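Data first, discussion second: the structure below is written as structure tokens.
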Amino acid sequence: MTDTQPTSTSVLFVCLGNICRSPTAQAVFEARLADSPLAAAVEVDSAGTAAYHLGKAPDPRSQAAARERGYKLDHLRARQVTPEDFHRFDYILAMDSDNLSNLNAIASQSSRATVALFLDFAAATDLREVPDPYFGGDEGFATVLDLCEQASQGLLAHLQTSSR
């Protein structure tokens with residue numbers, strides 16, 4: 001596939017404020033995607049269900065933890081999920097059940113998106129939710145990265161299988 005071909009799949013990662021978990025998931029998944037045959041075929045974005053941090057860069061602690069593992073978040077800016085996202089994206093993946101409930105409340109009957117938990121794609125964990133590190137210590141941001149790496153591998157495998 002070349003960069004001029006249309007995007008065949010689109011993924012939106014969602015947390016509450018779009019400054020910790022969802023931008024981390026976006027950066028990790030984009031890095032995994034870059035090394036795959038689907039690199040030019042998948043659009044990736046992130047958003048929050050709340051408007052707390054619109055236009056702001058990811059939390060400095062998220063950026064620092066991501067940078068330690070070679071991921072860049074500094075170019076990302078927080079935005080809020082819109083009703084149009086349910087028609088634009090194929091997958092809208094929530095970091096936790098509260099945000100999943102919020103997404104399901106926003107989705108219209110005509111939504112084309114599959115709305116699910118991101119960790120549904122992580123085979124190596126029994127966890128169902130990516131914990132919010134915002135009010136905790138630095139170790140929480142490392143945990144978010146661990147979980148995003150696991151789920152990104154599973155999501156990429158799913159997309160590769162479904163694109164055949």
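Following the order of the structure tokens, first chain is A, next is B, and so on, with residues numbered from 1 inside each chain and ligands from 1 in the order they appear.
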Subject >> Spatial neighbours of range 112-120 of chain A, 6 Å, only C-alpha atoms, chain gap at least 2 places, as a ChimeraX atom specification >> reply: /A:86-87,89-95,122,128,151
For the residues selected in the previous step, produce a file with C-alpha atoms as a short mmCIF file (atom, residue, chain, number, x, y, z; two decimals), in the first residue's frame.
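part-v6.cif, written as the output of this step:
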```cif
data_model
loop_
_atom_site.label_atom_id
_atom_site.label_comp_id
_atom_site.auth_asym_id
_atom_site.auth_seq_id
_atom_site.Cartn_x
_atom_site.Cartn_y
_atom_site.Cartn_z
CA PHE A 86 -19.00 7.41 15.57
CA HIS A 87 -19.36 7.76 11.80
CA PHE A 89 -13.99 5.71 13.08
CA ASP A 90 -14.27 1.94 12.73
CA TYR A 91 -13.08 1.29 16.29
CA ILE A 92 -13.59 3.53 19.31
CA LEU A 93 -11.66 1.99 22.18
CA ALA A 94 -12.24 3.13 25.75
CA MET A 95 -9.65 2.86 28.49
CA ALA A 122 -4.62 -7.55 25.36
CA ARG A 128 -10.19 -5.09 31.60
CA ALA A 151 -3.21 -4.19 23.84
#
```
Original post:
What gap, in Å, lies between CA of Gly137 in chain A and CA of Leu33 in chain A?
Top reply: 29.1 Å
I'd like a table as a tab-separated table: residues in range 67-105 of chain A with an atom no more than 12 Å from range 28-31 of chain A, each row giving the shortest atom pair and its distance in Å to one decimal, only C-alpha atoms counted, sorted by chain and rising residue number.
```
residue	atom	partner	partner_atom	distance
A:Arg67	CA	A:Val28	CA	10.9
A:Arg69	CA	A:Val28	CA	9.6
A:Gly70	CA	A:Ala31	CA	9.1
A:Tyr71	CA	A:Val28	CA	6.6
A:Lys72	CA	A:Val28	CA	8.8
A:Leu73	CA	A:Val28	CA	9.4
A:Leu93	CA	A:Phe29	CA	12.0
```
Subject >> Every residue of range 77-119 of chain A that DSSP places in strand (DSSP E), as a PyMOL selection string >> reply: chain A and resi 91-94+114-117
Keeping C-alpha atoms, export the residues of the selection given above as a PDB file, in the first residue's frame.
```pdb
ATOM      1  CA  TYR A  91     -13.080   1.291  16.290  1.00  0.00           C
ATOM      2  CA  ILE A  92     -13.588   3.527  19.306  1.00  0.00           C
ATOM      3  CA  LEU A  93     -11.664   1.986  22.184  1.00  0.00           C
ATOM      4  CA  ALA A  94     -12.239   3.126  25.751  1.00  0.00           C
ATOM      5  CA  THR A 114     -17.272  -0.824  17.106  1.00  0.00           C
ATOM      6  CA  VAL A 115     -17.153   0.557  20.650  1.00  0.00           C
ATOM      7  CA  ALA A 116     -15.182  -1.603  23.093  1.00  0.00           C
ATOM      8  CA  LEU A 117     -12.552  -1.610  25.820  1.00  0.00           C
TER       9      LEU A 117
END
```
Subject >> Å distance separating CA of Glu68 in chain A from CA of Asn99 in chain A, one decimal place >> reply: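 Result for CA of Glu68 in chain A versus CA of Asn99 in chain A: 27.5 Å, one decimal.
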Original post:
Using only C-alpha atoms, which residues sit within 6 Å of Val81 in chain A once same-chain residues fewer than 4 positions away are excluded, as JSON, numbers by chain?
Top reply: {"A": [47, 48, 49]}
Original post:
How far is it from CA of Ala78 in chain A to CA of Asp146 in chain A, in Å with one decimal?
Top reply: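 That distance, rounded to one decimal, is 21.7 Å.
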**OP:** Compare A:Ser46, A:Asp85, A:Phe135, A:Asp126 by their minimum atom-to-atom distance to Ala107 in chain A, counting only C-alpha atoms, and give me the closest one.
**Re:**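 Ranking A:Ser46, A:Asp85, A:Phe135, A:Asp126 by distance to Ala107 in chain A, first place goes to A:Asp85.
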